[in-house]
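**Q** Below is the file final13.cif, with mmCIF, C-alpha atoms (C1' of nucleotides).
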```cif
data_structure
loop_
_atom_site.label_atom_id
_atom_site.label_comp_id
_atom_site.auth_asym_id
_atom_site.auth_seq_id
_atom_site.Cartn_x
_atom_site.Cartn_y
_atom_site.Cartn_z
CA MET A 1 33.88 -37.09 -6.61
CA ASN A 2 30.26 -37.20 -5.61
CA VAL A 3 28.15 -38.09 -2.65
CA GLY A 4 26.26 -41.35 -2.98
CA ARG A 5 22.79 -42.42 -2.02
CA ARG A 6 23.82 -43.79 1.35
CA VAL A 7 24.59 -40.30 2.55
CA ASP A 8 21.53 -38.86 0.90
CA TYR A 9 19.28 -41.44 2.57
CA ALA A 10 21.02 -41.04 5.91
CA VAL A 11 20.44 -37.30 5.84
CA ARG A 12 16.80 -37.84 4.93
CA ALA A 13 16.35 -40.33 7.75
CA LEU A 14 18.03 -38.16 10.34
CA SER A 15 16.23 -34.99 9.39
CA TYR A 16 12.97 -36.91 9.41
CA LEU A 17 13.73 -38.08 12.94
CA ALA A 18 14.67 -34.56 13.90
CA GLY A 19 11.32 -33.33 12.69
CA GLN A 20 9.31 -35.65 14.93
CA PRO A 21 7.91 -34.67 18.31
CA ASP A 22 10.54 -35.22 20.95
CA GLY A 23 11.07 -38.85 21.86
CA THR A 24 8.98 -40.30 19.05
CA ILE A 25 10.18 -43.72 17.94
CA VAL A 26 10.03 -44.18 14.21
CA SER A 27 10.37 -47.50 12.41
CA ARG A 28 12.58 -48.17 9.45
CA SER A 29 9.66 -48.82 7.12
CA ASP A 30 8.00 -45.61 8.25
CA ILE A 31 11.08 -43.63 7.33
CA GLU A 32 11.42 -45.46 4.05
CA LYS A 33 7.86 -44.71 3.06
CA ASN A 34 7.94 -41.08 4.05
CA GLN A 35 11.34 -40.29 2.65
CA ASP A 36 11.12 -42.35 -0.53
CA VAL A 37 13.93 -44.74 0.36
CA PRO A 38 13.89 -48.24 -1.21
CA SER A 39 12.43 -50.95 1.03
CA PHE A 40 14.91 -52.60 3.36
CA TYR A 41 17.76 -50.41 2.18
CA LEU A 42 17.71 -48.36 5.32
CA SER A 43 18.43 -51.39 7.48
CA LYS A 44 22.11 -51.24 6.62
CA ILE A 45 22.37 -47.50 6.88
CA MET A 46 20.61 -47.27 10.24
CA LYS A 47 22.91 -49.94 11.57
CA ASP A 48 25.86 -47.71 10.76
CA LEU A 49 24.18 -44.70 12.31
CA VAL A 50 23.56 -46.67 15.48
CA ALA A 51 27.12 -47.93 15.56
CA GLY A 52 28.29 -44.37 15.04
CA GLY A 53 26.26 -43.13 17.97
CA LEU A 54 24.04 -40.81 15.94
CA VAL A 55 20.79 -42.67 16.53
CA GLU A 56 19.46 -45.05 19.14
CA SER A 57 17.57 -48.17 18.23
CA HIS A 58 14.69 -49.78 20.04
CA ILE A 59 14.24 -53.45 19.30
CA GLY A 60 10.95 -55.27 19.43
CA SER A 61 7.34 -54.47 18.87
CA LYS A 62 6.73 -50.73 18.57
CA GLY A 63 10.47 -50.40 18.16
CA GLY A 64 12.37 -48.12 15.83
CA PHE A 65 14.81 -45.26 15.98
CA THR A 66 15.33 -41.94 17.70
CA LEU A 67 18.14 -39.43 17.52
CA ALA A 68 20.89 -40.15 20.02
CA LYS A 69 22.00 -36.51 20.11
CA LYS A 70 20.54 -33.09 19.61
CA ALA A 71 19.89 -32.32 15.98
CA THR A 72 22.02 -29.24 16.40
CA SER A 73 25.07 -31.36 17.14
CA ILE A 74 24.83 -33.80 14.25
CA THR A 75 26.75 -32.39 11.30
CA ILE A 76 26.72 -33.43 7.68
CA LYS A 77 30.36 -34.33 7.99
CA ASP A 78 29.52 -36.67 10.88
CA ILE A 79 26.89 -38.35 8.78
CA TYR A 80 29.11 -38.70 5.76
CA GLU A 81 31.91 -40.27 7.73
CA THR A 82 29.56 -42.53 9.64
CA VAL A 83 27.78 -44.11 6.72
CA GLU A 84 30.51 -43.94 4.11
CA ARG A 85 34.14 -43.39 5.00
CA PRO A 86 36.51 -40.75 6.27
CA LEU A 87 36.26 -37.61 4.18
CA VAL A 88 39.34 -37.93 2.00
CA LEU A 89 39.59 -36.26 -1.38
CA MET A 90 42.70 -37.99 -2.73
CA GLU A 91 43.86 -41.46 -1.78
CA CYS A 92 47.43 -40.34 -1.25
CA LEU A 93 46.29 -38.30 1.73
CA GLU A 94 45.36 -41.54 3.43
CA GLN A 95 47.77 -44.04 1.98
CA GLY A 96 50.89 -41.94 1.54
CA ALA A 97 53.79 -43.63 -0.19
CA SER A 98 51.86 -46.82 -0.79
CA TYR A 99 49.69 -44.85 -3.19
CA CYS A 100 52.48 -42.89 -4.87
CA SER A 101 56.21 -43.15 -4.46
CA PHE A 102 56.71 -39.42 -4.91
CA CYS A 103 54.56 -38.67 -1.92
CA THR A 104 57.23 -36.98 0.14
CA VAL A 105 58.11 -34.49 -2.56
CA CYS A 106 54.71 -34.01 -4.12
CA LYS A 107 53.31 -30.51 -4.45
CA GLN A 108 49.94 -31.65 -5.66
CA LYS A 109 49.28 -33.27 -2.32
CA SER A 110 49.01 -30.07 -0.35
CA ILE A 111 46.46 -28.75 -2.82
CA TRP A 112 44.15 -31.65 -2.17
CA GLU A 113 44.80 -31.39 1.51
CA GLU A 114 43.63 -27.80 1.49
CA ALA A 115 40.66 -28.54 -0.72
CA GLN A 116 39.68 -31.29 1.66
CA SER A 117 39.85 -28.96 4.63
CA VAL A 118 37.76 -26.36 2.90
CA LEU A 119 35.08 -28.89 2.15
CA ALA A 120 35.22 -30.63 5.51
CA ASN A 121 34.97 -27.34 7.37
CA PHE A 122 31.92 -26.38 5.43
CA LEU A 123 30.18 -29.70 6.00
CA ALA A 124 31.10 -29.66 9.67
CA GLY A 125 29.28 -26.36 9.95
CA VAL A 126 25.94 -27.63 8.78
CA THR A 127 23.73 -29.66 11.10
CA ILE A 128 20.66 -31.81 10.76
CA ALA A 129 18.75 -29.09 12.57
CA ASP A 130 19.55 -26.68 9.76
CA ILE A 131 17.98 -29.09 7.32
CA ALA A 132 15.03 -30.14 9.45
CA ASP A 133 14.13 -26.52 10.10
CA ARG A 134 13.10 -25.98 6.55
CA GLN A 135 12.54 -29.62 5.81
CA GLY A 136 9.63 -29.34 3.46
CA MET A 137 9.52 -32.94 2.39
CA LYS A 138 6.37 -34.90 1.79
CA GLY A 139 5.85 -36.20 5.29
CA ARG A 140 6.35 -32.83 6.89
CA MET A 141 4.02 -31.08 4.55
CA LEU A 142 1.17 -33.54 4.84
CA LYS A 143 1.28 -34.61 8.43
CA THR A 144 2.05 -33.24 11.84
CA PRO A 145 2.81 -29.54 12.28
CA MET A 146 6.46 -28.68 12.68
CA GLN A 147 7.91 -29.45 16.04
CA ARG A 148 11.61 -29.30 16.73
CA VAL A 149 13.83 -31.51 18.84
CA GLY A 150 16.59 -30.04 20.92
CA MET B 151 33.78 -38.61 -2.82
CA ASN B 152 37.36 -38.77 -3.88
CA VAL B 153 39.48 -37.81 -6.82
CA GLY B 154 40.59 -40.69 -8.99
CA ARG B 155 43.83 -41.51 -10.73
CA ARG B 156 42.83 -39.92 -13.99
CA VAL B 157 42.91 -36.51 -12.40
CA ASP B 158 46.07 -37.29 -10.49
CA TYR B 159 47.84 -38.39 -13.66
CA ALA B 160 46.52 -35.46 -15.64
CA VAL B 161 47.86 -33.02 -13.06
CA ARG B 162 51.22 -34.80 -13.11
CA ALA B 163 51.36 -34.67 -16.89
CA LEU B 164 50.40 -31.03 -17.12
CA SER B 165 52.74 -29.87 -14.41
CA TYR B 166 55.51 -31.85 -16.04
CA LEU B 167 54.82 -30.09 -19.32
CA ALA B 168 54.71 -26.76 -17.51
CA GLY B 169 58.15 -27.45 -16.10
CA GLN B 170 59.78 -27.93 -19.47
CA PRO B 171 61.64 -25.23 -21.37
CA ASP B 172 59.18 -23.24 -23.43
CA GLY B 173 57.93 -25.06 -26.51
CA THR B 174 59.46 -28.42 -25.68
CA ILE B 175 57.48 -31.32 -27.11
CA VAL B 176 57.22 -34.24 -24.75
CA SER B 177 56.05 -37.71 -25.71
CA ARG B 178 53.52 -39.75 -23.83
CA SER B 179 56.03 -42.40 -22.82
CA ASP B 180 58.42 -39.72 -21.60
CA ILE B 181 55.75 -38.34 -19.29
CA GLU B 182 54.77 -41.80 -18.16
CA LYS B 183 58.33 -42.69 -17.25
CA ASN B 184 59.09 -39.47 -15.46
CA GLN B 185 55.81 -39.18 -13.62
CA ASP B 186 55.35 -42.83 -12.76
CA VAL B 187 52.19 -43.31 -14.78
CA PRO B 188 51.37 -46.84 -16.03
CA SER B 189 52.40 -47.51 -19.63
CA PHE B 190 49.82 -46.55 -22.23
CA TYR B 191 47.41 -45.25 -19.63
CA LEU B 192 48.09 -41.64 -20.53
CA SER B 193 46.96 -42.16 -24.10
CA LYS B 194 43.35 -41.86 -23.07
CA ILE B 195 43.92 -39.03 -20.66
CA MET B 196 45.95 -36.92 -23.07
CA LYS B 197 43.26 -37.39 -25.67
CA ASP B 198 40.78 -35.77 -23.28
CA LEU B 199 43.18 -32.97 -22.49
CA VAL B 200 43.64 -32.29 -26.19
CA ALA B 201 39.90 -32.35 -26.80
CA GLY B 202 39.47 -29.98 -23.88
CA GLY B 203 41.96 -27.54 -25.30
CA LEU B 204 44.43 -27.77 -22.46
CA VAL B 205 47.25 -29.34 -24.44
CA GLU B 206 48.29 -29.49 -28.08
CA SER B 207 49.36 -32.71 -29.72
CA HIS B 208 51.99 -33.21 -32.40
CA ILE B 209 51.57 -36.40 -34.37
CA GLY B 210 54.40 -38.27 -36.02
CA SER B 211 58.02 -38.90 -35.30
CA LYS B 212 59.37 -36.57 -32.61
CA GLY B 213 55.78 -35.82 -31.81
CA GLY B 214 54.23 -35.40 -28.42
CA PHE B 215 52.49 -32.78 -26.35
CA THR B 216 52.82 -29.16 -25.28
CA LEU B 217 50.59 -26.95 -23.18
CA ALA B 218 47.96 -25.16 -25.22
CA LYS B 219 47.68 -22.34 -22.69
CA LYS B 220 49.78 -20.60 -20.13
CA ALA B 221 50.28 -22.71 -17.02
CA THR B 222 48.89 -19.81 -15.02
CA SER B 223 45.55 -20.14 -16.75
CA ILE B 224 45.02 -23.88 -16.33
CA THR B 225 43.20 -24.52 -13.09
CA ILE B 226 42.71 -27.75 -11.19
CA LYS B 227 39.00 -27.39 -11.72
CA ASP B 228 39.57 -27.21 -15.47
CA ILE B 229 41.60 -30.38 -15.34
CA TYR B 230 39.11 -32.24 -13.22
CA GLU B 231 36.22 -31.38 -15.48
CA THR B 232 38.19 -32.13 -18.61
CA VAL B 233 39.35 -35.62 -17.73
CA GLU B 234 36.52 -36.72 -15.51
CA ARG B 235 33.17 -34.96 -15.45
CA PRO B 236 31.52 -31.75 -14.35
CA LEU B 237 32.26 -31.05 -10.71
CA VAL B 238 29.01 -32.14 -9.10
CA LEU B 239 28.81 -33.24 -5.48
CA MET B 240 25.32 -34.72 -5.47
CA GLU B 241 23.55 -36.23 -8.43
CA CYS B 242 20.33 -34.35 -7.73
CA LEU B 243 22.12 -31.10 -8.59
CA GLU B 244 22.51 -32.40 -12.11
CA GLN B 245 19.49 -34.64 -12.58
CA GLY B 246 16.88 -32.83 -10.56
CA ALA B 247 13.55 -34.58 -10.23
CA SER B 248 14.73 -37.61 -12.16
CA TYR B 249 17.04 -38.34 -9.26
CA CYS B 250 14.59 -37.56 -6.47
CA SER B 251 10.92 -36.70 -6.63
CA PHE B 252 11.17 -34.29 -3.70
CA CYS B 253 13.69 -32.15 -5.51
CA THR B 254 11.61 -29.00 -5.61
CA VAL B 255 11.03 -28.97 -1.87
CA CYS B 256 14.33 -30.42 -0.71
CA LYS B 257 16.39 -28.52 1.80
CA GLN B 258 19.34 -30.83 1.60
CA LYS B 259 19.93 -29.77 -1.96
CA SER B 260 21.04 -26.25 -1.19
CA ILE B 261 23.59 -27.58 1.28
CA TRP B 262 25.30 -29.63 -1.38
CA GLU B 263 25.03 -26.78 -3.81
CA GLU B 264 26.92 -24.54 -1.41
CA ALA B 265 29.47 -27.21 -0.57
CA GLN B 266 30.05 -27.68 -4.26
CA SER B 267 30.62 -23.98 -4.79
CA VAL B 268 33.06 -23.80 -1.93
CA LEU B 269 35.07 -26.65 -3.36
CA ALA B 270 34.84 -25.51 -6.96
CA ASN B 271 35.94 -21.99 -6.07
CA PHE B 272 38.96 -23.30 -4.28
CA LEU B 273 39.99 -25.59 -7.12
CA ALA B 274 39.42 -22.84 -9.65
CA GLY B 275 41.91 -20.73 -7.75
CA VAL B 276 44.81 -23.13 -8.08
CA THR B 277 46.71 -23.40 -11.33
CA ILE B 278 49.20 -25.77 -12.83
CA ALA B 279 51.78 -23.05 -12.44
CA ASP B 280 51.28 -23.12 -8.70
CA ILE B 281 52.10 -26.81 -8.72
CA ALA B 282 54.92 -26.70 -11.23
CA ASP B 283 56.62 -23.92 -9.30
CA ARG B 284 57.45 -26.18 -6.45
CA GLN B 285 57.16 -29.35 -8.47
CA GLY B 286 59.81 -31.39 -6.74
CA MET B 287 59.09 -34.64 -8.48
CA LYS B 288 61.71 -37.08 -9.65
CA GLY B 289 62.26 -35.68 -13.11
CA ARG B 290 62.59 -32.12 -11.93
CA MET B 291 65.03 -32.95 -9.22
CA LEU B 292 67.34 -35.06 -11.35
CA LYS B 293 67.30 -33.32 -14.67
CA THR B 294 67.09 -29.84 -16.12
CA PRO B 295 67.12 -26.82 -13.85
CA MET B 296 63.79 -25.23 -13.21
CA GLN B 297 62.50 -23.16 -16.06
CA ARG B 298 58.99 -21.83 -16.19
CA VAL B 299 56.59 -21.47 -19.05
CA GLY B 300 54.32 -18.46 -19.33
"C1'" DG C 301 3.26 -67.50 27.89
"C1'" DA C 302 2.19 -66.66 22.94
"C1'" DC C 303 2.41 -63.84 19.24
"C1'" DA C 304 3.06 -60.00 16.41
"C1'" DT C 305 6.35 -56.60 15.49
"C1'" DA C 306 10.40 -54.58 15.43
"C1'" DG C 307 15.79 -54.25 14.73
"C1'" DT C 308 20.30 -57.17 13.67
"C1'" DA C 309 23.33 -59.47 10.91
"C1'" DG C 310 24.63 -60.92 6.95
"C1'" DA C 311 24.20 -63.28 2.42
"C1'" DC C 312 23.29 -62.43 -2.26
"C1'" DC C 313 22.77 -60.22 -6.90
"C1'" DT C 314 23.57 -57.04 -10.69
"C1'" DA C 315 25.17 -53.23 -13.41
"C1'" DA C 316 28.37 -49.87 -13.76
"C1'" DC C 317 32.79 -48.04 -13.24
"C1'" DG C 318 37.84 -47.40 -12.52
"C1'" DA C 319 42.12 -48.85 -13.76
"C1'" DG C 320 45.02 -50.84 -16.69
"C1'" DT C 321 46.64 -53.17 -21.14
"C1'" DC C 322 47.08 -53.62 -25.88
"C1'" DT C 323 46.60 -53.16 -31.02
"C1'" DA C 324 45.59 -51.39 -35.62
"C1'" DT C 325 45.79 -47.09 -38.05
"C1'" DA C 326 47.06 -42.48 -39.53
"C1'" DT C 327 50.55 -39.07 -39.57
"C1'" DT C 328 54.89 -36.98 -39.52
"C1'" DT C 329 60.09 -36.52 -39.47
"C1'" DA C 330 64.49 -37.97 -40.99
"C1'" DT D 331 61.06 -45.75 -47.01
"C1'" DA D 332 61.53 -46.54 -42.08
"C1'" DA D 333 60.98 -45.21 -37.51
"C1'" DA D 334 58.44 -42.90 -34.17
"C1'" DT D 335 54.49 -40.98 -32.59
"C1'" DA D 336 49.51 -39.75 -31.52
"C1'" DT D 337 44.65 -41.61 -32.21
"C1'" DA D 338 40.88 -44.47 -31.55
"C1'" DG D 339 39.02 -47.97 -29.59
"C1'" DA D 340 38.60 -52.83 -27.98
"C1'" DC D 341 39.35 -55.66 -24.13
"C1'" DT D 342 39.95 -57.48 -19.35
"C1'" DC D 343 39.52 -57.55 -14.44
"C1'" DG D 344 38.38 -56.36 -9.83
"C1'" DT D 345 35.76 -53.42 -6.98
"C1'" DT D 346 31.93 -50.89 -5.57
"C1'" DA D 347 27.19 -48.91 -5.24
"C1'" DG D 348 22.75 -49.93 -4.97
"C1'" DG D 349 19.35 -52.83 -3.94
"C1'" DT D 350 16.82 -57.17 -2.16
"C1'" DC D 351 15.90 -60.70 0.97
"C1'" DT D 352 15.97 -63.98 4.93
"C1'" DA D 353 17.05 -66.21 9.37
"C1'" DC D 354 17.55 -64.70 13.97
"C1'" DT D 355 16.83 -62.13 18.24
"C1'" DA D 356 14.55 -59.02 21.27
"C1'" DT D 357 10.46 -56.79 23.13
"C1'" DG D 358 5.80 -55.00 23.97
"C1'" DT D 359 1.01 -56.48 24.41
"C1'" DC D 360 -2.84 -59.47 25.02
#
```
As a first step, turn the structure in this file into structure tokens.
**A**
Amino acid sequence: MNVGRRVDYAVRALSYLAGQPDGTIVSRSDIEKNQDVPSFYLSKIMKDLVAGGLVESHIGSKGGFTLAKKATSITIKDIYETVERPLVLMECLEQGASYCSFCTVCKQKSIWEEAQSVLANFLAGVTIADIADRQGMKGRMLKTPMQRVG
Amino acid sequence: MNVGRRVDYAVRALSYLAGQPDGTIVSRSDIEKNQDVPSFYLSKIMKDLVAGGLVESHIGSKGGFTLAKKATSITIKDIYETVERPLVLMECLEQGASYCSFCTVCKQKSIWEEAQSVLANFLAGVTIADIADRQGMKGRMLKTPMQRVG
DNA sequence: GACATAGTAGACCTAACGAGTCTATATTTA
DNA sequence: TAAATATAGACTCGTTAGGTCTACTATGTC
């Protein structure tokens, strides 16, 4: 039960984008360097974020990525589900009886269901803007002054 | 970010024990049969539960397991941490700078810290007794009438 | 139009982990 | 003594996370 690097890197990338002057196109390698993400690794993650409608890509020379929405409307839950999978705490909540034959009479199930809601609600209440606001990472500290998007 | 079978099986085992008449010793294979847990698999899980002080073991013929505490004082969080690992949502919360060099200035971190608290608090508020009360699983429905421990 | 510079798509690798199975040993009851 | 039980640990197998790389396509610029 922990959040993997894909989500971590996706949050870094998105909050980095959010911290750029409006409309700035940022390349994958730029993000990787500034946010300490392994080379090339972001290519798969950004693909998912594009497919999920969270960022827009710009192919070709001088290409790169920009946010596809306001930073205030991209939640951590969105990001998690876009780059990983639906937020599900216990497999039975997704698979039902094919996970466990006692599913219909199981009391444990509702506990996990509630726990999942509690967590999902929290993560749906936090946006990239909240993170970018107090970003503080390397790039932000050394380079351009803070300038918000949205 | 999901809860694995170890925790699922541990909760089944413990709530099964909680549903027995007070002081009843139940063998591993008995639990496995009644709670649909793969043969032998519980041997490792019960070992952890014994080591964690949640159950007591009785070696030898007619041996088996009993709860070591009242069902009302065994929480889901206890179980999770006993059979799996400390409840940590993001590795950086445990490993700090050895996970990520930006740790000291990272805003993302506090988000996961909060999310973790929210989840942990919820799981610490649910006990085995809550589950056993409305157990409903196979064994309970077919066999002895409900009788609570603690 | 040519070329450099991007993203796109996907193959590929490796180590670790989850889940499950089994066995030899120590311990206890009958 | 014999049967039944937990204990400890080895073992397998498939999947996944994390990471790396390359061929291809699209686009801006000279």
**Q** To one decimal place in Å, what is the distance between CA of Gly214 (chain B) and CA of Ile281 (chain B)?
**A**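 For CA of Gly214 (chain B) relative to CA of Ile281 (chain B), the distance reads 21.6 Å.
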**Q** To one decimal place, how far is CA of Val161 (chain B) from CA of Ser207 (chain B) in Å?
**A**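 Result for CA of Val161 (chain B) versus CA of Ser207 (chain B): 16.7 Å, one decimal.
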**Q** Select all residues from chain A having any atom no more than 8 Å from an atom of chain C (counting only C-alpha atoms (C1' of nucleotides), ignoring ligands), output as a list of chain:residue names.
**A**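 Putting it all together, I get A:Ser27, A:Lys47, A:Ser57, A:His58, A:Ile59, A:Gly60, A:Ser61, A:Lys62, A:Gly63, A:Gly64.
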**Q** What residues come out when you apply the PyMOL selection byres ((chain A and resi 29-46) around 9) to this file, written as an MDAnalysis selection string?
**A** (chainID A and resid 6:7 9:10 12:13 16:17 26:28 47:51 55 57 65 83 137:140) or (chainID B and resid 250:252) or (chainID C and resid 307:308) or (chainID D and resid 348:351)
**Q** In file coordinates, which residues lie within 10 Å of (23.1, -36.4, 17.5) using only C-alpha atoms (C1' of nucleotides), given as JSON, numbers by chain?
**A** {"A": [14, 18, 49, 52, 53, 54, 55, 56, 66, 67, 68, 69, 70, 71, 72, 73, 74, 75, 78, 79, 127, 128, 129, 150]}
**Q** When you draw a straight line from CA of Ile226 (chain B) to CA of Gly275 (chain B), how long is it in Å?
**A**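 Going from CA of Ile226 (chain B) over to CA of Gly275 (chain B), I get 7.9 Å.
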**Q** Just so the selection is clear, what residues does the PyMOL selection byres ((chain A) within 8 of (chain B)) cover here, as a list in words?
**A**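 Output from the PyMOL selection byres ((chain A) within 8 of (chain B)), applied to this file: Met1, Asn2, Val3, Gly4, Val11, Leu87, Val88, Leu89, Met90, Glu91, Phe102, Val105, Cys106, Lys107, Gln108, Ile111, Ala115, Val118, Leu119, Phe122, Leu123, Val126, Ile131, Ala132, Arg134, Gln135, Gly136, Met137 and Lys138 of chain A.
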**Q** Given all atoms listed in the file, how would the per-residue table for chain D near chain A read, listing every residue at most 6 Å away with its closest atom pair and distance in Å to one decimal, sorted by chain and number, as a tab-separated table?
**A**
```
residue	atom	partner	partner_atom	distance
D:DA356	C1'	A:Gly60	CA	5.5
D:DT357	C1'	A:Gly60	CA	4.0
D:DG358	C1'	A:Ser61	CA	5.4
```
